[in-house]
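Structure file model_24.cif (mmCIF, N, CA and C atoms) follows.
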data_data
#
loop_
_atom_site.label_atom_id
_atom_site.label_comp_id
_atom_site.auth_asym_id
_atom_site.auth_seq_id
_atom_site.Cartn_x
_atom_site.Cartn_y
_atom_site.Cartn_z
N MET A 18 0.86 -1.17 0.00
CA MET A 18 0.00 0.00 0.00
C MET A 18 0.90 1.24 0.00
N PRO A 19 0.77 2.11 -0.99
CA PRO A 19 1.58 3.33 -1.03
C PRO A 19 1.24 4.25 0.14
N THR A 20 2.26 4.90 0.68
CA THR A 20 2.07 5.83 1.79
C THR A 20 2.25 7.25 1.30
N LEU A 21 1.25 8.09 1.58
CA LEU A 21 1.26 9.50 1.19
C LEU A 21 1.43 10.38 2.42
N LEU A 22 2.25 11.39 2.27
CA LEU A 22 2.32 12.47 3.24
C LEU A 22 1.33 13.52 2.79
N VAL A 23 0.36 13.85 3.64
CA VAL A 23 -0.63 14.88 3.33
C VAL A 23 -0.37 16.06 4.26
N VAL A 24 -0.14 17.23 3.64
CA VAL A 24 0.17 18.44 4.41
C VAL A 24 -0.84 19.52 4.06
N ASP A 25 -1.59 19.97 5.05
CA ASP A 25 -2.57 21.04 4.85
C ASP A 25 -2.83 21.70 6.19
N ASP A 26 -2.89 23.03 6.22
CA ASP A 26 -3.15 23.74 7.47
C ASP A 26 -4.63 23.82 7.79
N GLN A 27 -5.50 23.44 6.87
CA GLN A 27 -6.94 23.45 7.11
C GLN A 27 -7.37 22.09 7.64
N GLN A 28 -7.79 22.06 8.90
CA GLN A 28 -8.11 20.81 9.56
C GLN A 28 -9.17 20.00 8.81
N GLY A 29 -10.19 20.67 8.28
CA GLY A 29 -11.26 19.95 7.57
C GLY A 29 -10.75 19.23 6.33
N VAL A 30 -9.90 19.88 5.55
CA VAL A 30 -9.32 19.25 4.36
C VAL A 30 -8.44 18.09 4.78
N LEU A 31 -7.61 18.33 5.78
CA LEU A 31 -6.71 17.29 6.28
C LEU A 31 -7.49 16.07 6.76
N ASP A 32 -8.53 16.30 7.57
CA ASP A 32 -9.34 15.19 8.08
C ASP A 32 -10.00 14.41 6.94
N THR A 33 -10.54 15.12 5.97
CA THR A 33 -11.21 14.46 4.85
C THR A 33 -10.24 13.55 4.10
N LEU A 34 -9.07 14.08 3.76
CA LEU A 34 -8.10 13.29 3.02
C LEU A 34 -7.58 12.11 3.84
N VAL A 35 -7.31 12.34 5.11
CA VAL A 35 -6.79 11.27 5.97
C VAL A 35 -7.83 10.16 6.14
N ASN A 36 -9.10 10.52 6.19
CA ASN A 36 -10.16 9.53 6.37
C ASN A 36 -10.54 8.82 5.08
N LEU A 37 -10.48 9.51 3.94
CA LEU A 37 -10.97 8.91 2.70
C LEU A 37 -9.89 8.28 1.81
N LEU A 38 -8.67 8.79 1.83
CA LEU A 38 -7.64 8.19 0.96
C LEU A 38 -7.38 6.71 1.25
N PRO A 39 -7.47 6.26 2.50
CA PRO A 39 -7.29 4.81 2.73
C PRO A 39 -8.34 3.95 2.01
N THR A 40 -9.53 4.48 1.76
CA THR A 40 -10.54 3.70 1.03
C THR A 40 -10.14 3.52 -0.43
N TYR A 41 -9.17 4.29 -0.89
CA TYR A 41 -8.65 4.16 -2.25
C TYR A 41 -7.32 3.41 -2.28
N GLY A 42 -6.93 2.84 -1.15
CA GLY A 42 -5.73 2.01 -1.11
C GLY A 42 -4.45 2.71 -0.70
N PHE A 43 -4.55 3.84 0.00
CA PHE A 43 -3.36 4.56 0.45
C PHE A 43 -3.26 4.56 1.96
N ALA A 44 -2.05 4.44 2.46
CA ALA A 44 -1.78 4.75 3.86
C ALA A 44 -1.45 6.24 3.90
N VAL A 45 -1.79 6.91 4.99
CA VAL A 45 -1.63 8.36 5.05
C VAL A 45 -0.90 8.76 6.32
N VAL A 46 0.07 9.66 6.14
CA VAL A 46 0.76 10.33 7.24
C VAL A 46 0.37 11.79 7.13
N ARG A 47 -0.02 12.43 8.21
CA ARG A 47 -0.53 13.80 8.15
C ARG A 47 0.39 14.80 8.82
N ALA A 48 0.35 16.02 8.28
CA ALA A 48 1.06 17.14 8.90
C ALA A 48 0.22 18.39 8.69
N LYS A 49 0.22 19.28 9.69
CA LYS A 49 -0.62 20.47 9.62
C LYS A 49 0.16 21.73 9.25
N SER A 50 1.45 21.58 8.93
CA SER A 50 2.26 22.72 8.50
C SER A 50 3.38 22.23 7.61
N GLY A 51 3.96 23.16 6.85
CA GLY A 51 5.08 22.80 6.00
C GLY A 51 6.26 22.26 6.78
N ALA A 52 6.58 22.92 7.90
CA ALA A 52 7.70 22.47 8.73
C ALA A 52 7.46 21.06 9.28
N ALA A 53 6.24 20.80 9.74
CA ALA A 53 5.91 19.47 10.25
C ALA A 53 5.97 18.43 9.13
N GLY A 54 5.54 18.82 7.93
CA GLY A 54 5.62 17.91 6.79
C GLY A 54 7.04 17.54 6.44
N LEU A 55 7.93 18.53 6.46
CA LEU A 55 9.34 18.25 6.18
C LEU A 55 9.95 17.35 7.25
N ALA A 56 9.58 17.58 8.50
CA ALA A 56 10.08 16.74 9.59
C ALA A 56 9.61 15.30 9.42
N LEU A 57 8.34 15.11 9.07
CA LEU A 57 7.83 13.76 8.84
C LEU A 57 8.48 13.12 7.63
N GLY A 58 8.77 13.94 6.61
CA GLY A 58 9.45 13.42 5.42
C GLY A 58 10.82 12.85 5.75
N ASP A 59 11.42 13.34 6.83
CA ASP A 59 12.72 12.82 7.28
C ASP A 59 12.59 11.53 8.09
N THR A 60 11.47 11.35 8.77
CA THR A 60 11.35 10.23 9.71
C THR A 60 10.42 9.12 9.23
N GLN A 61 9.57 9.39 8.25
CA GLN A 61 8.61 8.40 7.77
C GLN A 61 9.00 7.94 6.37
N SER A 62 8.71 6.70 6.07
CA SER A 62 8.90 6.20 4.72
C SER A 62 7.64 6.54 3.92
N ILE A 63 7.80 7.44 2.93
CA ILE A 63 6.64 7.86 2.14
C ILE A 63 6.93 7.62 0.66
N ASP A 64 5.86 7.40 -0.10
CA ASP A 64 5.97 7.16 -1.53
C ASP A 64 5.61 8.39 -2.35
N GLY A 65 4.98 9.37 -1.73
CA GLY A 65 4.58 10.60 -2.41
C GLY A 65 4.01 11.56 -1.39
N ALA A 66 3.76 12.79 -1.85
CA ALA A 66 3.22 13.80 -0.94
C ALA A 66 2.15 14.61 -1.66
N LEU A 67 1.14 15.01 -0.90
CA LEU A 67 0.05 15.86 -1.36
C LEU A 67 0.07 17.07 -0.43
N VAL A 68 0.43 18.24 -0.98
CA VAL A 68 0.75 19.40 -0.14
C VAL A 68 -0.05 20.62 -0.57
N ASP A 69 -0.66 21.29 0.41
CA ASP A 69 -1.35 22.55 0.16
C ASP A 69 -0.33 23.63 -0.17
N ILE A 70 -0.63 24.49 -1.12
CA ILE A 70 0.30 25.55 -1.50
C ILE A 70 0.29 26.67 -0.48
N HIS A 71 -0.88 27.16 -0.12
CA HIS A 71 -0.99 28.35 0.72
C HIS A 71 -1.12 27.96 2.19
N MET A 72 0.03 28.01 2.88
CA MET A 72 0.07 27.73 4.32
C MET A 72 0.96 28.79 4.96
N PRO A 73 0.68 29.12 6.22
CA PRO A 73 1.59 30.04 6.92
C PRO A 73 2.95 29.36 7.11
N GLY A 74 3.98 30.16 7.23
CA GLY A 74 5.32 29.60 7.39
C GLY A 74 5.82 29.08 6.06
N LEU A 75 6.26 27.83 6.05
CA LEU A 75 6.76 27.23 4.81
C LEU A 75 5.58 26.88 3.90
N ASN A 76 5.54 27.50 2.72
CA ASN A 76 4.42 27.21 1.81
C ASN A 76 4.68 25.91 1.04
N GLY A 77 3.65 25.48 0.32
CA GLY A 77 3.72 24.22 -0.40
C GLY A 77 4.79 24.16 -1.48
N MET A 78 5.07 25.28 -2.13
CA MET A 78 6.12 25.30 -3.16
C MET A 78 7.47 24.97 -2.52
N HIS A 79 7.74 25.59 -1.36
CA HIS A 79 8.99 25.33 -0.64
C HIS A 79 9.07 23.87 -0.21
N VAL A 80 7.98 23.36 0.36
CA VAL A 80 7.95 21.97 0.82
C VAL A 80 8.17 21.03 -0.35
N CYS A 81 7.55 21.30 -1.48
CA CYS A 81 7.71 20.47 -2.68
C CYS A 81 9.18 20.43 -3.10
N ARG A 82 9.79 21.60 -3.25
CA ARG A 82 11.20 21.66 -3.66
C ARG A 82 12.10 20.91 -2.68
N GLU A 83 11.85 21.10 -1.39
CA GLU A 83 12.70 20.47 -0.38
C GLU A 83 12.53 18.95 -0.36
N LEU A 84 11.28 18.46 -0.39
CA LEU A 84 11.06 17.01 -0.39
C LEU A 84 11.68 16.36 -1.62
N ARG A 85 11.47 16.98 -2.76
CA ARG A 85 12.03 16.42 -4.01
C ARG A 85 13.55 16.48 -4.00
N GLY A 86 14.10 17.58 -3.52
CA GLY A 86 15.55 17.70 -3.45
C GLY A 86 16.17 16.66 -2.55
N ARG A 87 15.56 16.42 -1.40
CA ARG A 87 16.07 15.40 -0.47
C ARG A 87 16.06 14.03 -1.13
N ALA A 88 14.96 13.70 -1.79
CA ALA A 88 14.87 12.40 -2.46
C ALA A 88 15.92 12.27 -3.55
N GLN A 89 16.12 13.31 -4.33
CA GLN A 89 17.11 13.27 -5.41
C GLN A 89 18.52 13.13 -4.86
N ARG A 90 18.83 13.80 -3.75
CA ARG A 90 20.16 13.69 -3.15
C ARG A 90 20.44 12.27 -2.65
N GLN A 91 19.36 11.53 -2.38
CA GLN A 91 19.50 10.14 -1.93
C GLN A 91 19.38 9.17 -3.10
N GLY A 92 19.36 9.71 -4.32
CA GLY A 92 19.30 8.88 -5.52
C GLY A 92 17.92 8.39 -5.91
N GLY A 93 16.88 9.00 -5.36
CA GLY A 93 15.52 8.57 -5.65
C GLY A 93 14.68 9.68 -6.23
N ASP A 94 13.40 9.45 -6.25
CA ASP A 94 12.44 10.42 -6.74
C ASP A 94 11.23 10.36 -5.83
N LEU A 95 10.64 11.49 -5.54
CA LEU A 95 9.45 11.54 -4.71
C LEU A 95 8.43 12.41 -5.41
N PRO A 96 7.36 11.82 -5.93
CA PRO A 96 6.34 12.65 -6.57
C PRO A 96 5.58 13.48 -5.54
N VAL A 97 5.37 14.75 -5.88
CA VAL A 97 4.65 15.67 -5.01
C VAL A 97 3.54 16.32 -5.83
N TRP A 98 2.34 16.27 -5.31
CA TRP A 98 1.19 16.94 -5.90
C TRP A 98 0.85 18.11 -5.00
N LEU A 99 0.48 19.23 -5.60
CA LEU A 99 0.11 20.41 -4.83
C LEU A 99 -1.39 20.65 -4.90
N MET A 100 -1.94 21.29 -3.87
CA MET A 100 -3.37 21.63 -3.80
C MET A 100 -3.48 23.12 -3.52
N THR A 101 -4.53 23.73 -4.07
CA THR A 101 -4.78 25.13 -3.80
C THR A 101 -6.26 25.44 -3.99
N GLY A 102 -6.73 26.46 -3.32
CA GLY A 102 -8.11 26.90 -3.49
C GLY A 102 -8.29 27.79 -4.69
N SER A 103 -7.19 28.29 -5.23
CA SER A 103 -7.25 29.19 -6.38
C SER A 103 -6.05 28.93 -7.28
N CYS A 104 -6.32 28.29 -8.40
CA CYS A 104 -5.23 27.90 -9.30
C CYS A 104 -5.21 28.79 -10.53
N THR A 105 -4.09 29.43 -10.75
CA THR A 105 -3.89 30.29 -11.93
C THR A 105 -2.79 29.69 -12.79
N SER A 106 -2.62 30.24 -13.97
CA SER A 106 -1.55 29.77 -14.83
C SER A 106 -0.19 30.04 -14.18
N GLU A 107 -0.07 31.15 -13.45
CA GLU A 107 1.18 31.47 -12.75
C GLU A 107 1.47 30.44 -11.66
N ILE A 108 0.45 30.03 -10.92
CA ILE A 108 0.65 29.01 -9.88
C ILE A 108 1.07 27.70 -10.52
N ARG A 109 0.44 27.34 -11.63
CA ARG A 109 0.83 26.10 -12.33
C ARG A 109 2.28 26.16 -12.80
N ARG A 110 2.69 27.33 -13.30
CA ARG A 110 4.07 27.50 -13.77
C ARG A 110 5.04 27.35 -12.60
N LEU A 111 4.75 28.02 -11.49
CA LEU A 111 5.61 27.95 -10.31
C LEU A 111 5.65 26.53 -9.74
N ALA A 112 4.53 25.86 -9.76
CA ALA A 112 4.47 24.48 -9.26
C ALA A 112 5.34 23.56 -10.12
N ALA A 113 5.26 23.75 -11.42
CA ALA A 113 6.10 22.94 -12.32
C ALA A 113 7.58 23.22 -12.05
N GLU A 114 7.92 24.48 -11.85
CA GLU A 114 9.31 24.84 -11.54
C GLU A 114 9.77 24.22 -10.23
N ALA A 115 8.84 24.08 -9.28
CA ALA A 115 9.16 23.46 -7.98
C ALA A 115 9.27 21.94 -8.08
N GLY A 116 8.85 21.38 -9.22
CA GLY A 116 8.93 19.94 -9.42
C GLY A 116 7.66 19.17 -9.14
N ALA A 117 6.54 19.87 -8.97
CA ALA A 117 5.27 19.19 -8.69
C ALA A 117 4.79 18.39 -9.90
N VAL A 118 4.18 17.26 -9.63
CA VAL A 118 3.59 16.44 -10.68
C VAL A 118 2.39 17.15 -11.28
N ALA A 119 1.54 17.71 -10.41
CA ALA A 119 0.32 18.38 -10.85
C ALA A 119 -0.19 19.26 -9.71
N VAL A 120 -1.15 20.13 -10.05
CA VAL A 120 -1.82 20.97 -9.07
C VAL A 120 -3.30 20.63 -9.11
N PHE A 121 -3.87 20.37 -7.93
CA PHE A 121 -5.30 20.13 -7.83
C PHE A 121 -5.96 21.33 -7.19
N GLU A 122 -7.03 21.81 -7.82
CA GLU A 122 -7.78 22.94 -7.28
C GLU A 122 -8.88 22.43 -6.36
N LYS A 123 -8.93 22.97 -5.15
CA LYS A 123 -9.97 22.61 -4.18
C LYS A 123 -11.25 23.35 -4.53
N PRO A 124 -12.40 22.74 -4.38
CA PRO A 124 -12.57 21.33 -4.05
C PRO A 124 -12.31 20.46 -5.28
N PHE A 125 -11.78 19.30 -5.07
CA PHE A 125 -11.49 18.39 -6.18
C PHE A 125 -12.25 17.09 -5.98
N ASP A 126 -12.36 16.34 -7.05
CA ASP A 126 -13.02 15.05 -7.01
C ASP A 126 -12.02 14.03 -6.45
N LEU A 127 -12.36 13.39 -5.34
CA LEU A 127 -11.43 12.49 -4.69
C LEU A 127 -11.10 11.27 -5.55
N ALA A 128 -12.06 10.77 -6.30
CA ALA A 128 -11.78 9.62 -7.18
C ALA A 128 -10.79 10.02 -8.27
N GLU A 129 -10.92 11.23 -8.81
CA GLU A 129 -9.97 11.72 -9.82
C GLU A 129 -8.59 11.88 -9.20
N LEU A 130 -8.54 12.42 -8.00
CA LEU A 130 -7.27 12.56 -7.29
C LEU A 130 -6.62 11.20 -7.09
N ALA A 131 -7.38 10.23 -6.63
CA ALA A 131 -6.84 8.88 -6.39
C ALA A 131 -6.31 8.27 -7.68
N ARG A 132 -7.02 8.46 -8.80
CA ARG A 132 -6.53 7.94 -10.09
C ARG A 132 -5.20 8.58 -10.47
N GLU A 133 -5.09 9.89 -10.27
CA GLU A 133 -3.84 10.59 -10.56
C GLU A 133 -2.70 10.09 -9.69
N LEU A 134 -2.96 9.94 -8.40
CA LEU A 134 -1.93 9.45 -7.49
C LEU A 134 -1.48 8.06 -7.89
N LYS A 135 -2.43 7.20 -8.18
CA LYS A 135 -2.12 5.82 -8.55
C LYS A 135 -1.39 5.74 -9.88
N SER A 136 -1.59 6.73 -10.75
CA SER A 136 -0.89 6.69 -12.04
C SER A 136 0.61 6.82 -11.86
N ARG A 137 1.04 7.40 -10.74
CA ARG A 137 2.47 7.57 -10.46
C ARG A 137 3.00 6.62 -9.39
N LEU A 138 2.12 6.03 -8.61
CA LEU A 138 2.54 5.17 -7.50
C LEU A 138 2.11 3.74 -7.75
N ALA A 139 2.85 2.81 -7.24
CA ALA A 139 2.47 1.40 -7.36
C ALA A 139 1.18 1.19 -6.60
N SER A 140 0.21 0.55 -7.25
CA SER A 140 -1.07 0.31 -6.57
C SER A 140 -1.24 -1.17 -6.30
N PRO A 141 -1.64 -1.52 -5.09
CA PRO A 141 -1.88 -2.91 -4.77
C PRO A 141 -3.08 -3.44 -5.56
N VAL A 142 -3.00 -4.67 -5.98
CA VAL A 142 -4.07 -5.30 -6.75
C VAL A 142 -5.24 -5.63 -5.83
N GLY A 143 -6.45 -5.41 -6.34
CA GLY A 143 -7.63 -5.82 -5.61
C GLY A 143 -8.09 -4.83 -4.54
N THR A 144 -7.68 -3.58 -4.63
CA THR A 144 -8.15 -2.60 -3.66
C THR A 144 -9.34 -1.86 -4.24
N ALA A 145 -9.92 -1.02 -3.43
CA ALA A 145 -11.04 -0.20 -3.88
C ALA A 145 -10.53 1.07 -4.55
N ALA A 146 -9.29 1.06 -5.00
CA ALA A 146 -8.65 2.28 -5.49
C ALA A 146 -9.34 2.90 -6.68
N ASP A 147 -9.96 2.12 -7.52
CA ASP A 147 -10.58 2.69 -8.71
C ASP A 147 -12.07 2.90 -8.55
N SER A 148 -12.56 2.69 -7.36
CA SER A 148 -13.98 2.86 -7.10
C SER A 148 -14.17 3.94 -6.06
N PRO A 149 -15.28 4.68 -6.15
CA PRO A 149 -15.54 5.64 -5.09
C PRO A 149 -15.83 4.92 -3.79
N PRO A 150 -15.58 5.57 -2.67
CA PRO A 150 -15.85 4.92 -1.39
C PRO A 150 -17.34 4.66 -1.21
N ALA A 151 -17.63 3.58 -0.50
CA ALA A 151 -19.02 3.25 -0.21
C ALA A 151 -19.58 4.28 0.76
N THR A 152 -20.83 4.65 0.56
CA THR A 152 -21.45 5.62 1.48
C THR A 152 -22.48 4.95 2.33
#

Written form, structure tokens:
Amino acid sequence: MPTLLVVDDQQGVLDTLVNLLPTYGFAVVRAKSGAAGLALGDTQSIDGALVDIHMPGLNGMHVCRELRGRAQRQGGDLPVWLMTGSCTSEIRRLAAEAGAVAVFEKPFDLAELARELKSRLASPVGTAADSPPAT
């Protein structure tokens, strides 16, 4: 099961992702700030990260660059997806420069997000990853 680091300063978004991403076949590690996300990136084994762009302190662009840089210095790659409530062409350009795989505009479709994440991460066979969660 791929493990995602989810970083968002909005508790509601964080809770939703932490509660629903496992129904799509992901383990989730959570952080409520950029600094906390970077600290967890050092101590947890993660396969990718989903990071909010607009956070106080270290923003998502900084976190993306740092996580990717750390992985590259260790000879690996870490895909990072960014999230924002307002996505412009300038934000997309900056995100690409930071090394982000893609930018998701909130609110986003969770099934679409899960498909995108799985397209870059190994997905376990026989999970509910391609189906919406049961309600």

query: Which neighbours of Leu84 in chain A fall inside 8 Å, counting all atoms listed in the file, when residues of the same chain fewer than 6 positions from it are skipped, and could you give them as number ranges by chain?
result: A: 54-55, 58, 78, 90, 94-97

Using only N, CA and C atoms, what does the table of range 54-129 of chain A residues within 8 Å of range 26-36 of chain A look like, with each row giving the shortest atom pair and its distance in Å to one decimal, sorted by chain and ascending number, as CSV?
residue,atom,partner,partner_atom,distance
A:Val68,C,A:Asp26,N,7.7
A:Asp69,CA,A:Asp26,N,6.3
A:Ile70,N,A:Asp26,N,7.8
A:His71,C,A:Asp26,N,6.6
A:Met72,CA,A:Asp26,N,5.9
A:Pro73,N,A:Asp26,CA,6.7

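Nearest residue to Leu21 in chain A, choosing from A:Ser136, A:Ser62, A:Gln91, A:Thr101 and counting all atoms listed in the file: A:Ser62.
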
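The coordinates place atom C of Gly42 in chain A at 6.0 Å from atom C of Pro19 in chain A.
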
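Between Phe121 in chain A and the candidates A:Thr60, A:Gly102, A:Val24, A:Leu38, the tightest atom-to-atom separation, counting all atoms listed in the file, involves A:Gly102.
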
Those in chain A with alpha helix (DSSP H) from DSSP, as a PyMOL selection string: chain A and resi 28-37+51-60+77-90+106-115+127-137

message: With the PyMOL selection byres ((chain A and resi 119) around 6) as the selection, what would be picked from this file? Answer as a ChimeraX atom specification, please.
response: /A:97-99,117-118,120-121

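In this model, the gap between CA of Lys135 in chain A and atom N of Leu111 in chain A comes to 23.4 Å.
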
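Relative to CA of Arg109 in chain A, CA of Gly93 in chain A is found at 23.8 Å.
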
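Listed by chain and then by rising number, the residues of chain A that DSSP assigns to strand (DSSP E or B) from the backbone are Thr20, Leu21, Leu22, Val23, Val24, Ala44, Val45, Val46, Arg47, Ala48, Gly65, Ala66, Leu67, Val68, Asp69, Val97, Trp98, Leu99, Met100, Thr101, Ala119, Val120, Phe121 and Glu122 of chain A.
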
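Here the question is which of A:Gly92, A:Glu122, A:Val80, A:Ser50 gets nearest to Ser106 in chain A using only C-alpha atoms, and that residue is A:Glu122.
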